[in-house]
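Listing of my_file20.cif, mmCIF, C-alpha atoms
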data_final
#
loop_
_atom_site.label_atom_id
_atom_site.label_comp_id
_atom_site.auth_asym_id
_atom_site.auth_seq_id
_atom_site.Cartn_x
_atom_site.Cartn_y
_atom_site.Cartn_z
CA MET A 55 69.95 89.78 83.23
CA THR A 56 73.61 88.94 83.56
CA GLN A 57 74.90 87.22 86.64
CA SER A 58 78.03 88.75 88.16
CA LEU A 59 80.99 86.49 88.88
CA SER A 60 81.12 84.72 92.25
CA LEU A 61 83.80 85.74 94.72
CA SER A 62 85.86 82.60 94.13
CA ALA A 63 85.69 83.17 90.38
CA VAL A 64 86.83 86.76 90.93
CA VAL A 65 89.83 85.62 92.98
CA THR A 66 90.79 83.16 90.23
CA ALA A 67 90.26 85.79 87.55
CA THR A 68 92.39 88.25 89.54
CA ILE A 69 95.28 85.78 89.74
CA VAL A 70 95.00 84.87 86.06
CA SER A 71 94.81 88.55 85.07
CA ALA A 72 97.83 89.29 87.26
CA LEU A 73 99.78 86.61 85.39
CA VAL A 74 98.67 87.98 82.01
CA ILE A 75 99.68 91.53 83.01
CA PHE A 76 103.04 90.33 84.34
CA ALA A 77 103.60 88.43 81.10
CA THR A 78 103.10 91.62 79.06
CA ARG A 79 105.65 93.39 81.27
CA ALA A 80 108.20 90.56 81.38
CA PHE A 81 108.04 89.54 77.71
CA PRO A 82 110.69 91.91 76.32
CA PHE A 83 113.08 91.23 79.21
CA ALA A 84 112.77 87.47 78.79
CA LEU A 85 113.44 87.90 75.09
CA PHE A 86 116.55 90.04 75.31
CA SER A 87 118.09 89.29 78.69
CA ARG A 88 120.93 87.09 77.42
CA ARG A 89 122.05 88.56 74.16
CA ASN A 90 122.99 92.14 73.48
CA PRO A 91 119.84 93.96 72.44
CA PRO A 92 119.72 94.44 68.67
CA ARG A 93 119.79 97.84 67.04
CA ILE A 94 116.00 98.06 66.92
CA ILE A 95 116.02 98.14 70.74
CA ARG A 96 118.31 101.14 70.80
CA PHE A 97 116.01 102.80 68.28
CA ILE A 98 113.07 102.09 70.59
CA GLU A 99 114.88 103.34 73.69
CA LYS A 100 115.65 106.60 71.98
CA TYR A 101 112.36 107.46 70.30
CA ILE A 102 109.60 105.60 72.14
CA PRO A 103 109.63 107.31 75.59
CA PRO A 104 108.87 110.85 74.31
CA MET A 105 106.26 109.42 71.94
CA VAL A 106 104.59 107.47 74.75
CA MET A 107 104.62 110.56 76.98
CA ALA A 108 102.90 112.63 74.28
CA ILE A 109 100.33 109.86 73.77
CA LEU A 110 99.62 109.70 77.51
CA VAL A 111 99.09 113.46 77.74
CA VAL A 112 96.53 113.34 74.91
CA TYR A 113 95.01 110.15 76.36
CA CYS A 114 94.40 111.92 79.68
CA LEU A 115 92.38 114.53 77.78
CA LYS A 116 90.27 112.01 75.85
CA ASP A 117 87.11 112.54 77.90
CA ILE A 118 86.84 116.27 77.22
CA ARG A 119 83.51 117.22 75.62
CA PHE A 120 84.10 120.36 73.58
CA THR A 121 80.42 120.73 72.73
CA GLU A 122 79.16 121.11 76.28
CA LYS A 123 79.99 123.12 79.36
CA PRO A 124 82.80 123.76 80.38
CA TRP A 125 84.01 123.04 76.80
CA GLY A 126 87.32 121.61 77.89
CA ILE A 127 88.49 124.99 79.18
CA PRO A 128 89.66 123.76 82.63
CA SER A 129 91.88 120.95 81.29
CA LEU A 130 93.30 122.85 78.32
CA THR A 131 93.99 126.02 80.35
CA ALA A 132 95.55 124.01 83.17
CA LEU A 133 97.69 122.06 80.70
CA VAL A 134 98.99 125.22 79.04
CA VAL A 135 99.70 126.78 82.45
CA THR A 136 101.50 123.60 83.56
CA ILE A 137 103.72 123.75 80.47
CA LEU A 138 104.41 127.49 80.79
CA LEU A 139 105.17 127.16 84.51
CA HIS A 140 107.58 124.37 83.74
CA LEU A 141 109.35 126.25 80.95
CA TRP A 142 109.64 129.23 83.30
CA LYS A 143 110.52 127.76 86.70
CA ARG A 144 111.84 124.30 85.74
CA ASN A 145 110.46 122.92 88.98
CA PRO A 146 108.18 119.87 88.50
CA MET A 147 106.50 120.44 91.87
CA ILE A 148 105.50 124.00 91.01
CA SER A 149 104.33 123.06 87.50
CA ILE A 150 102.34 119.97 88.48
CA PHE A 151 100.69 121.35 91.60
CA GLY A 152 100.12 124.77 90.07
CA GLY A 153 98.41 123.20 87.08
CA THR A 154 96.37 120.78 89.18
CA LEU A 155 95.24 123.47 91.60
CA LEU A 156 94.19 125.72 88.72
CA TYR A 157 92.31 122.80 87.15
CA MET A 158 90.43 122.11 90.38
CA ILE A 159 89.53 125.79 90.77
CA LEU A 160 88.38 126.15 87.14
CA LEU A 161 86.25 122.98 87.47
CA ARG A 162 84.40 124.58 90.35
CA ILE A 163 83.89 128.11 89.02
CA LEU A 164 83.08 127.36 85.36
CA MET B 141 114.39 111.32 99.81
CA SER B 142 114.74 112.35 96.22
CA ALA B 143 112.62 109.33 95.24
CA VAL B 144 109.80 110.53 97.50
CA LYS B 145 109.90 113.98 95.91
CA THR B 146 109.94 112.54 92.40
CA THR B 147 106.88 110.39 93.07
CA LEU B 148 104.81 113.04 94.88
CA PRO B 149 102.65 113.82 91.81
CA VAL B 150 101.98 110.09 91.46
CA PHE B 151 100.91 110.03 95.12
CA PHE B 152 98.11 112.50 94.43
CA GLY B 153 97.25 110.99 91.07
CA TYR B 154 97.10 107.43 92.36
CA LEU B 155 94.96 108.42 95.33
CA ALA B 156 92.65 110.22 92.93
CA ILE B 157 92.22 107.24 90.60
CA GLY B 158 92.76 104.48 93.19
CA ILE B 159 89.90 105.63 95.41
CA PRO B 160 87.25 105.42 92.63
CA PHE B 161 88.54 101.94 91.79
CA GLY B 162 88.01 100.85 95.41
CA LEU B 163 84.53 102.37 95.35
CA MET B 164 83.64 100.55 92.13
CA ILE B 165 84.73 97.09 93.19
CA VAL B 166 82.78 97.35 96.48
CA ASN B 167 79.72 98.77 94.72
CA ALA B 168 79.89 95.79 92.34
CA GLY B 169 79.15 93.65 95.40
CA TYR B 170 82.60 92.36 96.33
CA PRO B 171 84.28 92.50 99.76
CA VAL B 172 86.70 95.27 100.73
CA TRP B 173 89.76 92.98 100.82
CA ILE B 174 89.53 92.18 97.12
CA ALA B 175 90.65 95.77 96.38
CA PRO B 176 94.14 95.44 97.94
CA VAL B 177 94.46 91.87 96.59
CA MET B 178 93.92 93.19 93.05
CA SER B 179 96.18 96.21 93.60
CA VAL B 180 98.99 94.02 94.95
CA THR B 181 98.82 91.26 92.33
CA MET B 182 97.55 92.97 89.15
CA TYR B 183 98.74 96.53 89.79
CA ALA B 184 97.43 98.06 86.59
CA GLY B 185 95.09 101.04 86.60
CA ALA B 186 93.20 100.47 83.37
CA GLY B 187 93.41 96.70 83.82
CA GLN B 188 91.74 96.84 87.23
CA TYR B 189 89.02 99.27 86.16
CA ILE B 190 88.12 97.04 83.24
CA ALA B 191 88.26 93.95 85.47
CA VAL B 192 85.51 95.41 87.68
CA GLY B 193 83.27 95.71 84.63
CA LEU B 194 84.15 92.19 83.49
CA PHE B 195 83.48 90.72 86.95
CA ALA B 196 80.19 92.56 87.34
CA THR B 197 78.88 91.36 83.98
CA GLY B 198 80.00 87.79 84.59
CA ALA B 199 82.49 87.67 81.70
CA SER B 200 83.91 84.30 80.66
CA PRO B 201 87.52 83.40 81.61
CA GLY B 202 88.51 83.65 77.93
CA THR B 203 87.08 87.16 77.63
CA ILE B 204 88.88 88.25 80.80
CA VAL B 205 92.26 86.91 79.63
CA LEU B 206 91.91 88.39 76.14
CA THR B 207 90.70 91.78 77.36
CA GLU B 208 93.44 92.07 79.98
CA LEU B 209 96.01 91.06 77.37
CA LEU B 210 94.86 93.75 74.93
CA VAL B 211 94.58 96.46 77.56
CA ASN B 212 98.04 95.74 78.94
CA ILE B 213 99.91 94.85 75.76
CA ARG B 214 101.39 98.36 75.69
CA HIS B 215 103.70 97.24 78.51
CA ILE B 216 105.68 95.29 75.92
CA VAL B 217 106.64 98.58 74.30
CA TYR B 218 107.53 100.05 77.70
CA GLY B 219 109.70 97.08 78.60
CA LEU B 220 111.53 97.23 75.26
CA SER B 221 112.68 100.77 76.00
CA LEU B 222 113.88 99.91 79.51
CA ILE B 223 116.04 96.86 78.79
CA THR B 224 119.32 98.77 79.02
CA ARG B 225 118.22 100.87 82.00
CA PHE B 226 117.23 97.78 83.98
CA LYS B 227 120.39 95.88 83.14
CA ASN B 228 122.19 96.94 86.31
CA ALA B 229 119.15 96.88 88.57
CA GLY B 230 120.28 93.67 90.28
CA LYS B 231 117.84 92.09 92.69
CA TRP B 232 115.28 94.84 92.08
CA LYS B 233 114.92 93.93 88.41
CA LEU B 234 112.09 91.41 88.78
CA TYR B 235 110.04 93.79 90.92
CA LEU B 236 110.72 96.69 88.53
CA ILE B 237 109.40 94.60 85.65
CA PHE B 238 106.33 93.60 87.67
CA ALA B 239 105.57 97.16 88.77
CA LEU B 240 105.87 98.84 85.36
CA THR B 241 102.85 101.14 85.11
CA ASP B 242 102.38 104.15 82.83
CA GLU B 243 103.38 106.49 85.64
CA THR B 244 106.40 104.54 86.89
CA TYR B 245 107.55 104.10 83.29
CA SER B 246 107.31 107.84 82.73
CA ILE B 247 109.40 108.64 85.80
CA LEU B 248 112.01 105.96 85.16
CA THR B 249 112.58 107.03 81.56
CA SER B 250 112.90 110.70 82.60
CA CYS B 251 114.79 110.72 85.89
CA ASP B 252 118.52 110.59 86.49
CA VAL B 253 119.86 108.37 89.24
CA PRO B 254 121.52 110.66 91.86
CA ASP B 255 125.31 110.46 92.06
CA GLY B 256 126.48 107.59 94.19
CA ALA B 257 123.02 106.02 94.44
CA ASP B 258 122.46 102.40 93.47
CA THR B 259 120.42 102.24 90.24
CA GLY B 260 118.32 99.23 91.22
CA LYS B 261 117.57 100.56 94.68
CA TYR B 262 116.68 104.04 93.43
CA TYR B 263 114.39 102.75 90.65
CA GLY B 264 112.97 100.12 93.03
CA THR B 265 112.13 102.70 95.67
CA ILE B 266 110.28 104.81 93.10
CA ALA B 267 108.34 101.77 91.86
CA LEU B 268 107.55 100.59 95.40
CA LEU B 269 106.37 104.04 96.52
CA ASP B 270 104.11 104.29 93.47
CA GLN B 271 102.55 100.91 94.16
CA SER B 272 102.04 101.73 97.83
CA TYR B 273 100.13 104.90 96.83
CA TRP B 274 97.98 102.83 94.50
CA ILE B 275 97.22 100.20 97.16
CA ALA B 276 96.44 102.93 99.69
CA GLY B 277 94.07 104.66 97.26
CA SER B 278 92.15 101.50 96.42
CA VAL B 279 91.85 100.51 100.10
CA ILE B 280 90.63 103.97 101.11
CA GLY B 281 88.05 103.88 98.32
CA ALA B 282 86.86 100.39 99.17
CA ALA B 283 86.75 100.94 102.94
CA THR B 284 85.10 104.34 103.06
CA GLY B 285 82.52 103.62 100.40
CA LYS B 286 80.46 106.65 99.58
CA LEU B 287 81.88 108.85 102.32
CA ILE B 288 84.52 110.34 99.99
CA PRO B 289 84.29 114.13 99.95
CA VAL B 290 83.46 115.59 96.55
CA SER B 291 86.31 118.06 97.04
CA LEU B 292 88.70 115.46 95.61
CA THR B 293 87.33 115.94 92.07
CA GLY B 294 90.05 117.02 89.69
CA VAL B 295 93.09 115.83 91.68
CA ASP B 296 93.62 113.26 88.94
CA PHE B 297 94.85 116.12 86.75
CA ALA B 298 98.15 115.66 88.62
CA LEU B 299 98.84 112.68 86.34
CA THR B 300 98.13 114.67 83.16
CA ALA B 301 100.45 117.40 84.43
CA LEU B 302 103.08 114.81 85.37
CA PHE B 303 103.10 113.37 81.85
CA ALA B 304 103.31 116.87 80.35
CA VAL B 305 106.24 117.84 82.59
CA LEU B 306 108.10 114.60 81.88
CA LEU B 307 107.54 115.13 78.15
CA ILE B 308 109.15 118.58 78.39
CA GLU B 309 112.11 117.13 80.32
CA GLN B 310 112.64 114.45 77.67
CA LEU B 311 112.45 116.97 74.84
CA GLU B 312 115.01 119.09 76.69
CA LYS B 313 117.43 116.19 76.57
CA SER B 314 116.79 114.98 73.01
CA HIS B 315 116.05 118.27 71.20
CA ASP B 316 114.02 116.12 68.83
CA PHE B 317 110.35 117.07 68.66
CA LEU B 318 109.30 114.57 66.02
CA PRO B 319 108.51 111.62 68.35
CA ALA B 320 106.30 113.89 70.47
CA VAL B 321 104.49 115.31 67.45
CA ILE B 322 103.96 111.77 66.14
CA GLY B 323 102.62 110.74 69.56
CA ILE B 324 100.12 113.60 69.66
CA ILE B 325 98.86 112.90 66.13
CA ALA B 326 98.69 109.14 66.76
CA ALA B 327 96.72 109.61 69.98
CA CYS B 328 94.31 112.06 68.34
CA ALA B 329 93.81 109.63 65.46
CA ALA B 330 93.06 106.78 67.88
CA ILE B 331 90.57 108.93 69.83
CA LEU B 332 88.89 109.95 66.55
CA LEU B 333 88.48 106.28 65.63
CA VAL B 334 86.69 105.74 68.94
CA CYS B 335 84.49 108.81 68.41
CA CYS B 336 83.51 107.46 64.97
CA GLY B 337 82.61 104.15 66.58
CA VAL B 338 85.28 102.23 64.66
CA MET B 339 86.79 100.67 67.78
CA PRO B 340 86.05 100.44 71.51
CA SER B 341 87.63 103.05 73.80
CA GLY B 342 89.64 100.39 75.63
CA ASN B 343 91.91 100.19 72.56
CA ILE B 344 92.98 103.84 72.40
CA LEU B 345 96.43 103.37 73.91
CA ILE B 346 97.45 100.31 71.96
CA ALA B 347 96.12 101.78 68.68
CA ALA B 348 97.97 105.05 69.32
CA LEU B 349 101.17 103.14 70.11
CA ALA B 350 100.83 101.08 66.93
CA PHE B 351 100.22 104.16 64.73
CA GLY B 352 103.04 106.04 66.42
CA PHE B 353 105.50 103.18 66.14
CA ALA B 354 104.74 102.76 62.44
CA ALA B 355 105.21 106.50 61.89
CA LEU B 356 108.52 106.47 63.78
CA ILE B 357 109.84 103.62 61.65
CA LEU B 358 108.78 105.49 58.50
CA THR B 359 110.37 108.78 59.54
CA ARG B 360 113.38 107.70 61.61
CA GLY B 361 113.82 104.16 60.37
CA ARG B 362 116.86 105.10 58.34
CA SER B 363 118.91 105.45 61.54
CA LEU B 364 118.42 101.70 61.87
CA ASP B 365 120.54 101.05 58.79
CA LYS B 366 123.32 103.48 59.51
CA ASN B 367 126.28 102.53 61.62
CA THR B 368 126.00 105.65 63.72
CA ASP B 369 125.27 103.98 67.02
CA GLN B 370 127.99 103.80 69.62
CA LYS B 371 129.41 100.46 70.57
CA VAL B 372 127.87 99.04 73.70
CA GLN B 373 130.51 96.68 74.99
CA LYS B 374 130.79 95.68 78.55
#
For this file, produce the structure as structure tokens.
Amino acid sequence: MTQSLSLSAVVTATIVSALVIFATRAFPFALFSRRNPPRIIRFIEKYIPPMVMAILVVYCLKDIRFTEKPWGIPSLTALVVTILLHLWKRNPMISIFGGTLLYMILLRIL
Amino acid sequence: MSAVKTTLPVFFGYLAIGIPFGLMIVNAGYPVWIAPVMSVTMYAGAGQYIAVGLFATGASPGTIVLTELLVNIRHIVYGLSLITRFKNAGKWKLYLIFALTDETYSILTSCDVPDGADTGKYYGTIALLDQSYWIAGSVIGAATGKLIPVSLTGVDFALTALFAVLLIEQLEKSHDFLPAVIGIIAACAAILLVCCGVMPSGNILIAALAFGFAALILTRGRSLDKNTDQKVQK
């Protein structure tokens, strides 16, 4: 039987974790704030954002179970509809809320 | 105003994933106020979810530090691609760095600052709005306990849709599909590794980023040698 952390330990752990998380965010800025960023940084600025975005989309779908009901149909259908809506109307509000609404409906009827 | 509109999907997404976080931390036996304390100081979705598990199982300080480091190490990659964008952010810069989540990163790398608006203030408002949604979600979850209506299920898809829309917008600008294709393959590969039991699911993002970065260097690395980049002199 494991003992959960005491409240004071949790507060300490929260502060330490906050520092660790801030360190991961601040690291690159601390490294390159003074000098002109080297060429590798410009490479990263150009290619990394679209790659990260694609990774995050797939990451959001990681919990789909294709072998059981509803076989991933709600998320995949809603994703395709979101993309099509966006290519058609070019309005993020319409694409995102249209897709989300469809997803919520499909979740309930399938 | 435009910042509010831009962050509206994050509002729904953060409520949808902030509320379950609040529920979890209270169900783990901790007081309601710890939820906003964590959301204000840590402000990291995955980091806070994992922290609840670590707290509940009585993890050692070393385990907590190491786990949080691994889960959040992807922020280094995010920061690297925002160095130039944040250069003129002025007094907002420190907060922008602190508040760099997946969602805020996605918006900041995709949006254009409106004409005449101050870069730091515009970015800062977006980041601040996002964090306020997150704090609100976690407080609602912690305070209302199990009273949350089931009807909220599925609202979190707003974040998936947001990432998809931002990806399209970025591809529109770059007309280069390779980074996106690499990202999709890298993420699928990382998820497969988890399915095969090779690594724990907490490592999906960092593994995908590592695979993707390696693939980008292999395919587009040549542009690093060429002198094709414009001079950035200020």
The PyMOL selection byres ((chain B and resi 150) around 12) on the file shown: which residues, as a compact mmCIF listing (two decimals) with C-alpha atoms, in the frame of the given file?
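result31.txt, written as the output of this step:
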# COMPACT_ATOMS: atom_id res chain seq x y z
CA PRO A 146 108.18 119.87 88.50
CA MET A 147 106.50 120.44 91.87
CA ILE A 150 102.34 119.97 88.48
CA PHE A 151 100.69 121.35 91.60
CA ALA B 143 112.62 109.33 95.24
CA VAL B 144 109.80 110.53 97.50
CA LYS B 145 109.90 113.98 95.91
CA THR B 146 109.94 112.54 92.40
CA THR B 147 106.88 110.39 93.07
CA LEU B 148 104.81 113.04 94.88
CA PRO B 149 102.65 113.82 91.81
CA PHE B 151 100.91 110.03 95.12
CA PHE B 152 98.11 112.50 94.43
CA GLY B 153 97.25 110.99 91.07
CA TYR B 154 97.10 107.43 92.36
CA LEU B 155 94.96 108.42 95.33
CA ALA B 156 92.65 110.22 92.93
CA ILE B 157 92.22 107.24 90.60
CA GLY B 158 92.76 104.48 93.19
CA THR B 241 102.85 101.14 85.11
CA ASP B 242 102.38 104.15 82.83
CA GLU B 243 103.38 106.49 85.64
CA THR B 244 106.40 104.54 86.89
CA TYR B 245 107.55 104.10 83.29
CA SER B 246 107.31 107.84 82.73
CA ILE B 247 109.40 108.64 85.80
CA ILE B 266 110.28 104.81 93.10
CA ALA B 267 108.34 101.77 91.86
CA LEU B 268 107.55 100.59 95.40
CA LEU B 269 106.37 104.04 96.52
CA ASP B 270 104.11 104.29 93.47
CA GLN B 271 102.55 100.91 94.16
CA SER B 272 102.04 101.73 97.83
CA TYR B 273 100.13 104.90 96.83
CA TRP B 274 97.98 102.83 94.50
CA GLY B 277 94.07 104.66 97.26
CA VAL B 295 93.09 115.83 91.68
CA ASP B 296 93.62 113.26 88.94
CA PHE B 297 94.85 116.12 86.75
CA ALA B 298 98.15 115.66 88.62
CA LEU B 299 98.84 112.68 86.34
CA THR B 300 98.13 114.67 83.16
CA ALA B 301 100.45 117.40 84.43
CA LEU B 302 103.08 114.81 85.37
CA PHE B 303 103.10 113.37 81.85
Have a look at B:Met182, B:Ala326, B:Leu236, B:Cys335 and name the one nearest to chain A; count all atoms listed in the file.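 Among the listed residues, the smallest separation from chain A belongs to B:Met182.
Here CA of Tyr170 (chain B) stands at a distance of 24.4 Å from CA of Thr293 (chain B).
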Matched chain/residue IDs from the PyMOL selection byres ((chain B and resi 304) around 12), as an mmCIF file with C-alpha atoms, keeping the file's coordinate frame:
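Done, and the output landed in part_8.cif:
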data_model
loop_
_atom_site.group_PDB
_atom_site.id
_atom_site.type_symbol
_atom_site.label_atom_id
_atom_site.label_comp_id
_atom_site.auth_asym_id
_atom_site.auth_seq_id
_atom_site.Cartn_x
_atom_site.Cartn_y
_atom_site.Cartn_z
ATOM 1 C CA PRO A 104 108.870 110.850 74.310
ATOM 2 C CA MET A 105 106.260 109.420 71.940
ATOM 3 C CA VAL A 106 104.590 107.470 74.750
ATOM 4 C CA MET A 107 104.620 110.560 76.980
ATOM 5 C CA ALA A 108 102.900 112.630 74.280
ATOM 6 C CA ILE A 109 100.330 109.860 73.770
ATOM 7 C CA LEU A 110 99.620 109.700 77.510
ATOM 8 C CA VAL A 111 99.090 113.460 77.740
ATOM 9 C CA VAL A 112 96.530 113.340 74.910
ATOM 10 C CA TYR A 113 95.010 110.150 76.360
ATOM 11 C CA CYS A 114 94.400 111.920 79.680
ATOM 12 C CA LEU A 115 92.380 114.530 77.780
ATOM 13 C CA LEU A 130 93.300 122.850 78.320
ATOM 14 C CA ALA A 132 95.550 124.010 83.170
ATOM 15 C CA LEU A 133 97.690 122.060 80.700
ATOM 16 C CA VAL A 134 98.990 125.220 79.040
ATOM 17 C CA VAL A 135 99.700 126.780 82.450
ATOM 18 C CA THR A 136 101.500 123.600 83.560
ATOM 19 C CA ILE A 137 103.720 123.750 80.470
ATOM 20 C CA LEU A 138 104.410 127.490 80.790
ATOM 21 C CA LEU A 139 105.170 127.160 84.510
ATOM 22 C CA HIS A 140 107.580 124.370 83.740
ATOM 23 C CA LEU A 141 109.350 126.250 80.950
ATOM 24 C CA PRO A 146 108.180 119.870 88.500
ATOM 25 C CA SER A 149 104.330 123.060 87.500
ATOM 26 C CA ILE A 150 102.340 119.970 88.480
ATOM 27 C CA GLY A 153 98.410 123.200 87.080
ATOM 28 C CA THR A 154 96.370 120.780 89.180
ATOM 29 C CA PRO B 149 102.650 113.820 91.810
ATOM 30 C CA GLU B 243 103.380 106.490 85.640
ATOM 31 C CA SER B 246 107.310 107.840 82.730
ATOM 32 C CA ILE B 247 109.400 108.640 85.800
ATOM 33 C CA SER B 250 112.900 110.700 82.600
ATOM 34 C CA PHE B 297 94.850 116.120 86.750
ATOM 35 C CA ALA B 298 98.150 115.660 88.620
ATOM 36 C CA LEU B 299 98.840 112.680 86.340
ATOM 37 C CA THR B 300 98.130 114.670 83.160
ATOM 38 C CA ALA B 301 100.450 117.400 84.430
ATOM 39 C CA LEU B 302 103.080 114.810 85.370
ATOM 40 C CA PHE B 303 103.100 113.370 81.850
ATOM 41 C CA VAL B 305 106.240 117.840 82.590
ATOM 42 C CA LEU B 306 108.100 114.600 81.880
ATOM 43 C CA LEU B 307 107.540 115.130 78.150
ATOM 44 C CA ILE B 308 109.150 118.580 78.390
ATOM 45 C CA GLU B 309 112.110 117.130 80.320
ATOM 46 C CA GLN B 310 112.640 114.450 77.670
ATOM 47 C CA LEU B 311 112.450 116.970 74.840
ATOM 48 C CA ALA B 320 106.300 113.890 70.470
ATOM 49 C CA ILE B 324 100.120 113.600 69.660
#
If I take CA of Leu332 (chain B) and CA of His215 (chain B), how far is one from the other in Å, to one decimal? 22.9 Å
Do you know which residues the PyMOL selection byres ((chain B and resi 195) around 10) returns on this file, as number ranges by chain? A: 57-61, 63-64, 67-68; B: 165, 168-170, 190-194, 196-201, 204
Would you write out those residues with C-alpha atoms, as an mmCIF file, in the frame of the given file?
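again-v6.cif, freshly written:
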data_model
loop_
_atom_site.group_PDB
_atom_site.id
_atom_site.type_symbol
_atom_site.label_atom_id
_atom_site.label_comp_id
_atom_site.auth_asym_id
_atom_site.auth_seq_id
_atom_site.Cartn_x
_atom_site.Cartn_y
_atom_site.Cartn_z
ATOM 1 C CA GLN A 57 74.900 87.220 86.640
ATOM 2 C CA SER A 58 78.030 88.750 88.160
ATOM 3 C CA LEU A 59 80.990 86.490 88.880
ATOM 4 C CA SER A 60 81.120 84.720 92.250
ATOM 5 C CA LEU A 61 83.800 85.740 94.720
ATOM 6 C CA ALA A 63 85.690 83.170 90.380
ATOM 7 C CA VAL A 64 86.830 86.760 90.930
ATOM 8 C CA ALA A 67 90.260 85.790 87.550
ATOM 9 C CA THR A 68 92.390 88.250 89.540
ATOM 10 C CA ILE B 165 84.730 97.090 93.190
ATOM 11 C CA ALA B 168 79.890 95.790 92.340
ATOM 12 C CA GLY B 169 79.150 93.650 95.400
ATOM 13 C CA TYR B 170 82.600 92.360 96.330
ATOM 14 C CA ILE B 190 88.120 97.040 83.240
ATOM 15 C CA ALA B 191 88.260 93.950 85.470
ATOM 16 C CA VAL B 192 85.510 95.410 87.680
ATOM 17 C CA GLY B 193 83.270 95.710 84.630
ATOM 18 C CA LEU B 194 84.150 92.190 83.490
ATOM 19 C CA ALA B 196 80.190 92.560 87.340
ATOM 20 C CA THR B 197 78.880 91.360 83.980
ATOM 21 C CA GLY B 198 80.000 87.790 84.590
ATOM 22 C CA ALA B 199 82.490 87.670 81.700
ATOM 23 C CA SER B 200 83.910 84.300 80.660
ATOM 24 C CA PRO B 201 87.520 83.400 81.610
ATOM 25 C CA ILE B 204 88.880 88.250 80.800
#
Between CA of Ala239 (chain B) and CA of Tyr183 (chain B), what is the distance in Å, rounded to a tenth?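 If I compute the distance from CA of Ala239 (chain B) to CA of Tyr183 (chain B), I get 6.9 Å.
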Kindly list the centre and edge lengths in Å, rounded to one decimal, for the axis-aligned box that covers all listed atoms of region 156-169 of chain B plus 8 Å on each of its six sides, as AutoDock Vina command-line options.
--center_x 86.0 --center_y 101.9 --center_z 93.5 --size_x 29.6 --size_y 32.6 --size_z 21.9
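Taking all atoms listed in the file into account, chain A lies nearest to B:Trp173 out of the set B:Trp173, B:Gly162, B:Pro254, B:Val279.
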Surrounding residues of Pro176 (chain B) excluding itself and chain neighbours under 4 positions, 8 Å, all atoms listed in the file, as a list of chain:residue names: B:Val172, B:Val180, B:Ile275, B:Ser278, B:Val279
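Distances to Thr203 (chain B) were evaluated for A:Phe81, A:Ser62, A:Ser71, A:Gly152 using all atoms listed in the file, and the minimum falls at A:Ser71.
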I'd like to know which of B:Leu333, B:Leu206, B:Ala276, B:Ile213 is closest to chain A, using all atoms listed in the file.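 Under the stated criterion, the closest residue is B:Ile213.
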Which residue of B:Phe238, B:Phe353, B:Phe317, B:Tyr263 approaches Ile75 (chain A) most closely, using only C-alpha atoms: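 So, comparing all the options, the nearest one is B:Phe238.
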Sel. within 9 Å of pt (101.3, 93.3, 76.4), counting all atoms listed in the file, output as number ranges by chain: A: 74-81; B: 208-217
Only C-alpha atoms, please: the residues just picked out, written as a compact mmCIF listing (two decimals), in the coordinates of the input.
# COMPACT_ATOMS: atom_id res chain seq x y z
CA VAL A 74 98.67 87.98 82.01
CA ILE A 75 99.68 91.53 83.01
CA PHE A 76 103.04 90.33 84.34
CA ALA A 77 103.60 88.43 81.10
CA THR A 78 103.10 91.62 79.06
CA ARG A 79 105.65 93.39 81.27
CA ALA A 80 108.20 90.56 81.38
CA PHE A 81 108.04 89.54 77.71
CA GLU B 208 93.44 92.07 79.98
CA LEU B 209 96.01 91.06 77.37
CA LEU B 210 94.86 93.75 74.93
CA VAL B 211 94.58 96.46 77.56
CA ASN B 212 98.04 95.74 78.94
CA ILE B 213 99.91 94.85 75.76
CA ARG B 214 101.39 98.36 75.69
CA HIS B 215 103.70 97.24 78.51
CA ILE B 216 105.68 95.29 75.92
CA VAL B 217 106.64 98.58 74.30
Shortest interatomic distance to chain B - which of A:Leu164, A:Ala84, A:Ile118, A:Met158, counting all atoms listed in the file: A:Met158
